[in-house]
Amino acid sequence: MISSDWQIAPAGTGPGSDRSVALFVFFLLAAVSLLPMLLTPFPAMVDYPNHLARMYILRQNGTPDANPYYDVVWALYPNLAMDLLVPKMASLIGVEKAARLFLLLSQLLIVGGAVALERVVKGRFQFAGFAALMFLYCLPFAWGFVNFEFGLGVALWGISAYLMVAERGWWWRFAVNAIFVTVLFVAHFFSLGIYGATLGFYELWRAHDKTWPYRDLALRLVALAIPVVALFGIMRLTAGSLGSEGTAWFLEFKPLWPFRIMNGYNLTVSAASALALIALLYLAAKRGVLKLAPAGIWISIGFALLYLAIPSKLFGTSFADLRVIPAAALIVPAFCSLSLPSRRWTVGALVAASGITLANLATVFVVWLSYRADYAAIIGSFHKIDCGSRVLIGSSGDGEDPPFNDLTQYPMAYIPTLAVHYAAAFVPNVFAEEGKQPVRVRAAVRRLAIPYGGPMPIRELAAIAAGGTLTDIPPFVRSWYRDYDYLYVLGPRVENQLPALLEELDGSERFVLYKIRHTPSLGGASAARCSSAACPTPDQLKTGHPNPPSICRKPEAASLQTPKAAARREVGAYRYIEADETKYCSAKGA
């Protein structure tokens, strides 16, 4: 624990009723902050639908309902929190409920871990819990970085546990560290990095404060590193990895991220919240109300240097540097002292914290509720897709990327990936990157897979179909009109640019579903329909069949019946069946 040389001034040195009011406000804000996850059937997070699609693949693996386009290959990947927990919970409550429970657990770990860490360091509750609530829907969490959020919550509890035994024998420190390193290594590697960096900065401060010999400091740091090195060795033996290679810095964004981080959907709300928080912290520090402990100074400087040193893309993982900001916001408050001189200051602090929290929360509610109808519509549209088809995702826009565009449109980006469950389809954007997820694309369609790519602009798809010569055409769309059977165009509705090729089947304000007509004349491509004898069987689909299943089916089979008309219907080599919350596809006779 923190040295007793640093005396903590209690928050609100006035009457005890001030502390009671602060606790009441905190628990009220905490309850309200969890409502979006409790009341919204489908969280409108950018990556969440893609993770959910992977959960369905994992849950159905090894069963007759397994998707024919994906394999499951397990190894010690340091990014498995959701992949290990959700399929197990889904056997009891279903995949969708299990995924939401996982997100709720992550939020509880974040808020509870921040409070626990402050309790260990200071011996009392002050304001770390309020900081956690203000950042509960910050950009990485609102975008659906689910394993990182879960792992960071575990890291907070791990740091708390280590500090509790920091003054005990080395075997206590080694045991606690080994347990949390193992959990964090499996949950999310960057969360392990946050945990290790925090304890490293803390041990450096202790060595400086106690004037330890360098040998003692080295031994403590080596003890921290031994479990990590051992797990790296196991990972290599099991053919695991950290992810793909690739590093990018984007240094121009580093000064901007602190103003963009606090809200994942609205730049104005995020910037206003950040500016208000910075102003309040500056005022409190200037008046001597807020002070950093010596250990907090070391940790704060360490996080600042870490933020500057980490590239934006690391080991193929994007937005690595910005994740340092919420980590620091959850950890540093535990090492700050807050001494409010009067009830007026207490009320002002509570109003400010509540205002920032509720402003971010209101934005989340508005965005999530606005997607309920579109999500329901697109899930309904999956039943108009022939089972076993290949589905491409396009967009009516120009394919703009975050972080400084209208992010209220991004929660739609990956929702079509759920066709892997509802229609046993192949979708190239499913998260299935080697070294990060245990899901693998089968060899027959591997050339089409883009495990980390967004929707393709429809204007570029139209140019490709017309035989245009574009530069840097991604391989997965070079002959998209032959390789895929259906196209989802996301974004505001635009006129059908390829009426001879695309037949509209369904849509809403945010998407249109098209069936791709396979014609031999389009773009000089040969897409002659195969004979019934050449149509693939379920076993052939699993081993890789040269003919896309959609061009082998009788088109009238899908148009005459829908899942609403019959609880069970057959389409080509598949049937719709009732199971696990919703209708989806299963191979006949499998």
# chains A, B, ... in the order shown; residues from 1 in each chain; ligands from 1
call {"tool": "residues_around", "arguments": {"residues": "Pro474 of chain A", "least_positions_apart": "6", "cutoff": "10 Å", "atoms": "only C-alpha atoms", "output": "list in words"}}
result
Leu448, Ile450 and Met456 of chain A
call {"tool": "select_by_dssp", "arguments": {"residues": "segment 195-350 of chain A", "states": "strand (DSSP E)", "output": "list in words"}}
result
Leu290, Lys291, Leu292, Cys336, Ser337 and Leu338 of chain A
call {"tool": "write_last_selection", "arguments": {"atoms": "N, CA, C and O atoms", "output": "PDB file, in the first residue's frame"}}
result
ATOM      1  N   LEU A 290      -7.013  19.648  -4.894  1.00  0.00           N
ATOM      2  CA  LEU A 290      -6.652  18.366  -5.487  1.00  0.00           C
ATOM      3  C   LEU A 290      -5.137  18.230  -5.501  1.00  0.00           C
ATOM      4  O   LEU A 290      -4.430  19.122  -5.990  1.00  0.00           O
ATOM      5  N   LYS A 291      -4.632  17.118  -4.982  1.00  0.00           N
ATOM      6  CA  LYS A 291      -3.194  16.881  -4.944  1.00  0.00           C
ATOM      7  C   LYS A 291      -2.883  15.460  -5.378  1.00  0.00           C
ATOM      8  O   LYS A 291      -3.649  14.540  -5.104  1.00  0.00           O
ATOM      9  N   LEU A 292      -1.749  15.324  -6.054  1.00  0.00           N
ATOM     10  CA  LEU A 292      -1.277  14.009  -6.468  1.00  0.00           C
ATOM     11  C   LEU A 292      -0.308  13.459  -5.434  1.00  0.00           C
ATOM     12  O   LEU A 292       0.589  14.178  -4.969  1.00  0.00           O
ATOM     13  N   CYS A 336      -4.841  10.306  -6.014  1.00  0.00           N
ATOM     14  CA  CYS A 336      -5.064  11.743  -5.794  1.00  0.00           C
ATOM     15  C   CYS A 336      -5.807  11.943  -4.478  1.00  0.00           C
ATOM     16  O   CYS A 336      -6.643  11.131  -4.094  1.00  0.00           O
ATOM     17  N   SER A 337      -5.514  13.034  -3.824  1.00  0.00           N
ATOM     18  CA  SER A 337      -6.271  13.406  -2.625  1.00  0.00           C
ATOM     19  C   SER A 337      -7.172  14.581  -2.955  1.00  0.00           C
ATOM     20  O   SER A 337      -6.796  15.487  -3.692  1.00  0.00           O
ATOM     21  N   LEU A 338      -8.377  14.545  -2.429  1.00  0.00           N
ATOM     22  CA  LEU A 338      -9.362  15.606  -2.669  1.00  0.00           C
ATOM     23  C   LEU A 338      -9.858  16.103  -1.328  1.00  0.00           C
ATOM     24  O   LEU A 338     -10.405  15.342  -0.529  1.00  0.00           O
TER      25      LEU A 338
END
call {"tool": "closest_residue", "arguments": {"among": "A:Arg446, A:Arg19, A:Arg510, A:Arg482", "to": "Gln126 of chain A", "atoms": "only C-alpha atoms"}}
result
A:Arg19
call {"tool": "closest_residue", "arguments": {"among": "A:Tyr422, A:Phe130, A:Tyr77, A:Phe511", "to": "Phe27 of chain A", "atoms": "only C-alpha atoms"}}
result
A:Phe130
call {"tool": "atom_distance", "arguments": {"atom1": "atom CA of Ser273 of chain A", "atom2": "atom CA of Gly348 of chain A"}}
result
15.5 Å
call {"tool": "residues_around", "arguments": {"residues": "segment 140-150 of chain A", "least_positions_apart": "4", "cutoff": "10 Å", "atoms": "only C-alpha atoms", "output": "ChimeraX atom specification"}}
result
/A:43-51,78-83,99,102-110,135-136,154-155,184,186-192,261-265,319-320,322-323,325-327,364,407,410-411
call {"tool": "atom_distance", "arguments": {"atom1": "atom CA of Tyr414 of chain A", "atom2": "atom CA of Gly453 of chain A"}}
result
9.7 Å
call {"tool": "closest_residue", "arguments": {"among": "A:Arg343, A:Lys122, A:Arg100, A:Arg206", "to": "Leu35 of chain A", "atoms": "only C-alpha atoms"}}
result
A:Arg100
call {"tool": "closest_residue", "arguments": {"among": "A:Ala225, A:Ala293, A:Leu498, A:Val32", "to": "Leu133 of chain A", "atoms": "only C-alpha atoms"}}
result
A:Val32
call {"tool": "atom_distance", "arguments": {"atom1": "atom CA of Leu306 of chain A", "atom2": "atom CA of Leu221 of chain A"}}
result
17.7 Å
call {"tool": "residues_around", "arguments": {"residues": "Phe125 of chain A", "least_positions_apart": "2", "cutoff": "9 Å", "atoms": "only C-alpha atoms", "output": "list in words"}}
result
Pro10, Ala11, Leu23, Val115, Ala116, Glu118, Arg119, Lys122, Gly123, Phe127, Ala128 and Gly129 of chain A
call {"tool": "write_last_selection", "arguments": {"atoms": "all heavy atoms", "output": "PDB file, in the first residue's frame"}}
result
ATOM      1  N   PRO A  10      -9.504  13.753   3.727  1.00  0.00           N
ATOM      2  CA  PRO A  10     -10.766  13.164   3.301  1.00  0.00           C
ATOM      3  C   PRO A  10     -11.541  14.099   2.391  1.00  0.00           C
ATOM      4  O   PRO A  10     -11.451  15.315   2.509  1.00  0.00           O
ATOM      5  CB  PRO A  10     -11.512  12.931   4.615  1.00  0.00           C
ATOM      6  CG  PRO A  10     -10.912  13.889   5.582  1.00  0.00           C
ATOM      7  CD  PRO A  10      -9.481  14.033   5.188  1.00  0.00           C
ATOM      8  N   ALA A  11     -12.328  13.501   1.488  1.00  0.00           N
ATOM      9  CA  ALA A  11     -13.160  14.289   0.591  1.00  0.00           C
ATOM     10  C   ALA A  11     -14.308  14.876   1.374  1.00  0.00           C
ATOM     11  O   ALA A  11     -15.150  14.187   1.912  1.00  0.00           O
ATOM     12  CB  ALA A  11     -13.683  13.406  -0.545  1.00  0.00           C
ATOM     13  N   LEU A  23     -22.167   9.476  -1.637  1.00  0.00           N
ATOM     14  CA  LEU A  23     -22.392   8.053  -1.879  1.00  0.00           C
ATOM     15  C   LEU A  23     -23.739   7.813  -2.552  1.00  0.00           C
ATOM     16  O   LEU A  23     -23.859   6.979  -3.466  1.00  0.00           O
ATOM     17  CB  LEU A  23     -22.314   7.269  -0.574  1.00  0.00           C
ATOM     18  CG  LEU A  23     -20.908   7.051   0.000  1.00  0.00           C
ATOM     19  CD1 LEU A  23     -20.990   6.424   1.395  1.00  0.00           C
ATOM     20  CD2 LEU A  23     -20.094   6.150  -0.924  1.00  0.00           C
ATOM     21  N   VAL A 115     -13.145   1.720  -7.795  1.00  0.00           N
ATOM     22  CA  VAL A 115     -13.458   1.962  -6.382  1.00  0.00           C
ATOM     23  C   VAL A 115     -12.558   1.121  -5.482  1.00  0.00           C
ATOM     24  O   VAL A 115     -12.052   1.606  -4.455  1.00  0.00           O
ATOM     25  CB  VAL A 115     -14.947   1.650  -6.113  1.00  0.00           C
ATOM     26  CG1 VAL A 115     -15.247   1.720  -4.620  1.00  0.00           C
ATOM     27  CG2 VAL A 115     -15.849   2.622  -6.875  1.00  0.00           C
ATOM     28  N   ALA A 116     -12.333  -0.143  -5.849  1.00  0.00           N
ATOM     29  CA  ALA A 116     -11.482  -1.019  -5.036  1.00  0.00           C
ATOM     30  C   ALA A 116     -10.051  -0.504  -4.975  1.00  0.00           C
ATOM     31  O   ALA A 116      -9.412  -0.528  -3.912  1.00  0.00           O
ATOM     32  CB  ALA A 116     -11.512  -2.437  -5.598  1.00  0.00           C
ATOM     33  N   GLU A 118      -9.012   2.596  -5.298  1.00  0.00           N
ATOM     34  CA  GLU A 118      -8.970   3.774  -4.424  1.00  0.00           C
ATOM     35  C   GLU A 118      -9.054   3.372  -2.957  1.00  0.00           C
ATOM     36  O   GLU A 118      -8.389   3.960  -2.092  1.00  0.00           O
ATOM     37  CB  GLU A 118     -10.124   4.712  -4.785  1.00  0.00           C
ATOM     38  CG  GLU A 118     -10.117   6.014  -3.996  1.00  0.00           C
ATOM     39  CD  GLU A 118     -11.216   6.948  -4.426  1.00  0.00           C
ATOM     40  OE1 GLU A 118     -12.385   6.506  -4.481  1.00  0.00           O
ATOM     41  OE2 GLU A 118     -10.928   8.129  -4.713  1.00  0.00           O
ATOM     42  N   ARG A 119      -9.868   2.381  -2.676  1.00  0.00           N
ATOM     43  CA  ARG A 119     -10.009   1.913  -1.298  1.00  0.00           C
ATOM     44  C   ARG A 119      -8.691   1.358  -0.772  1.00  0.00           C
ATOM     45  O   ARG A 119      -8.305   1.603   0.387  1.00  0.00           O
ATOM     46  CB  ARG A 119     -11.092   0.829  -1.241  1.00  0.00           C
ATOM     47  CG  ARG A 119     -11.340   0.245   0.120  1.00  0.00           C
ATOM     48  CD  ARG A 119     -12.094   1.194   1.015  1.00  0.00           C
ATOM     49  NE  ARG A 119     -12.341   0.600   2.329  1.00  0.00           N
ATOM     50  CZ  ARG A 119     -12.952   1.242   3.323  1.00  0.00           C
ATOM     51  NH1 ARG A 119     -13.371   2.472   3.153  1.00  0.00           N
ATOM     52  NH2 ARG A 119     -13.141   0.632   4.483  1.00  0.00           N
ATOM     53  N   LYS A 122      -6.147   4.584  -0.528  1.00  0.00           N
ATOM     54  CA  LYS A 122      -6.477   5.644   0.423  1.00  0.00           C
ATOM     55  C   LYS A 122      -7.168   5.140   1.687  1.00  0.00           C
ATOM     56  O   LYS A 122      -7.204   5.859   2.691  1.00  0.00           O
ATOM     57  CB  LYS A 122      -7.405   6.671  -0.237  1.00  0.00           C
ATOM     58  CG  LYS A 122      -6.868   7.304  -1.505  1.00  0.00           C
ATOM     59  CD  LYS A 122      -7.932   8.231  -2.092  1.00  0.00           C
ATOM     60  CE  LYS A 122      -7.499   8.807  -3.422  1.00  0.00           C
ATOM     61  NZ  LYS A 122      -8.546   9.656  -4.019  1.00  0.00           N
ATOM     62  N   GLY A 123      -7.761   3.971   1.602  1.00  0.00           N
ATOM     63  CA  GLY A 123      -8.509   3.472   2.744  1.00  0.00           C
ATOM     64  C   GLY A 123      -9.918   3.990   2.804  1.00  0.00           C
ATOM     65  O   GLY A 123     -10.633   3.755   3.786  1.00  0.00           O
ATOM     66  N   PHE A 127     -13.403   9.780  -5.079  1.00  0.00           N
ATOM     67  CA  PHE A 127     -13.991  10.187  -6.358  1.00  0.00           C
ATOM     68  C   PHE A 127     -13.576   9.300  -7.531  1.00  0.00           C
ATOM     69  O   PHE A 127     -13.953   9.569  -8.673  1.00  0.00           O
ATOM     70  CB  PHE A 127     -13.632  11.646  -6.673  1.00  0.00           C
ATOM     71  CG  PHE A 127     -12.162  11.895  -6.849  1.00  0.00           C
ATOM     72  CD1 PHE A 127     -11.567  11.885  -8.101  1.00  0.00           C
ATOM     73  CD2 PHE A 127     -11.355  12.143  -5.748  1.00  0.00           C
ATOM     74  CE1 PHE A 127     -10.213  12.108  -8.263  1.00  0.00           C
ATOM     75  CE2 PHE A 127     -10.005  12.381  -5.891  1.00  0.00           C
ATOM     76  CZ  PHE A 127      -9.425  12.357  -7.157  1.00  0.00           C
ATOM     77  N   ALA A 128     -12.839   8.227  -7.297  1.00  0.00           N
ATOM     78  CA  ALA A 128     -12.441   7.350  -8.395  1.00  0.00           C
ATOM     79  C   ALA A 128     -13.656   6.713  -9.066  1.00  0.00           C
ATOM     80  O   ALA A 128     -13.674   6.507 -10.278  1.00  0.00           O
ATOM     81  CB  ALA A 128     -11.490   6.270  -7.886  1.00  0.00           C
ATOM     82  N   GLY A 129     -14.671   6.396  -8.273  1.00  0.00           N
ATOM     83  CA  GLY A 129     -15.887   5.826  -8.841  1.00  0.00           C
ATOM     84  C   GLY A 129     -16.576   6.785  -9.787  1.00  0.00           C
ATOM     85  O   GLY A 129     -17.102   6.382 -10.832  1.00  0.00           O
TER      86      GLY A 129
END
call {"tool": "select_by_dssp", "arguments": {"residues": "segment 266-489 of chain A", "states": "helix (DSSP H, G or I)", "output": "NGL selection string"}}
result
:A and (267-286 or 294-309 or 321-335 or 343-370 or 372-384 or 407-412 or 415-422 or 443-448 or 458-465 or 475-477 or 480-483)
call {"tool": "closest_residue", "arguments": {"among": "A:Pro333, A:Gly507, A:Gly397, A:Pro311", "to": "Lys384 of chain A", "atoms": "only C-alpha atoms"}}
result
A:Gly507
call {"tool": "residues_around", "arguments": {"residues": "Ala425 of chain A", "least_positions_apart": "2", "cutoff": "7 Å", "atoms": "only C-alpha atoms", "output": "PyMOL selection string"}}
result
chain A and resi 387-391+419-420+423+427
call {"tool": "write_last_selection", "arguments": {"atoms": "N, CA and C atoms", "output": "mmCIF file, in the first residue's frame"}}
result
data_model
loop_
_atom_site.group_PDB
_atom_site.id
_atom_site.type_symbol
_atom_site.label_atom_id
_atom_site.label_comp_id
_atom_site.auth_asym_id
_atom_site.auth_seq_id
_atom_site.Cartn_x
_atom_site.Cartn_y
_atom_site.Cartn_z
ATOM 1 N N CYS A 387 -29.872 -19.824 -47.643
ATOM 2 C CA CYS A 387 -28.881 -20.362 -46.716
ATOM 3 C C CYS A 387 -27.619 -20.789 -47.458
ATOM 4 N N GLY A 388 -26.467 -20.517 -46.843
ATOM 5 C CA GLY A 388 -25.196 -20.894 -47.435
ATOM 6 C C GLY A 388 -24.688 -19.928 -48.477
ATOM 7 N N SER A 389 -25.285 -18.730 -48.561
ATOM 8 C CA SER A 389 -24.875 -17.750 -49.568
ATOM 9 C C SER A 389 -23.646 -16.984 -49.126
ATOM 10 N N ARG A 390 -23.133 -16.177 -50.061
ATOM 11 C CA ARG A 390 -22.019 -15.270 -49.762
ATOM 12 C C ARG A 390 -22.550 -13.848 -49.805
ATOM 13 N N VAL A 391 -22.265 -13.099 -48.755
ATOM 14 C CA VAL A 391 -22.868 -11.779 -48.562
ATOM 15 C C VAL A 391 -21.775 -10.723 -48.481
ATOM 16 N N ALA A 419 -25.419 -12.420 -40.586
ATOM 17 C CA ALA A 419 -25.919 -13.388 -41.567
ATOM 18 C C ALA A 419 -25.212 -14.736 -41.429
ATOM 19 N N VAL A 420 -24.045 -14.758 -40.808
ATOM 20 C CA VAL A 420 -23.362 -16.042 -40.609
ATOM 21 C C VAL A 420 -24.177 -16.951 -39.710
ATOM 22 N N ALA A 423 -28.380 -17.027 -41.633
ATOM 23 C CA ALA A 423 -28.479 -17.625 -42.968
ATOM 24 C C ALA A 423 -27.302 -18.543 -43.289
ATOM 25 N N VAL A 427 -19.579 -13.980 -44.792
ATOM 26 C CA VAL A 427 -19.456 -12.524 -44.862
ATOM 27 C C VAL A 427 -17.972 -12.202 -44.712
#
call {"tool": "residues_around", "arguments": {"residues": "Thr40 of chain A", "least_positions_apart": "6", "cutoff": "12 Å", "atoms": "only C-alpha atoms", "output": "ChimeraX atom specification"}}
result
/A:34,96-97,100,104,364-373,375
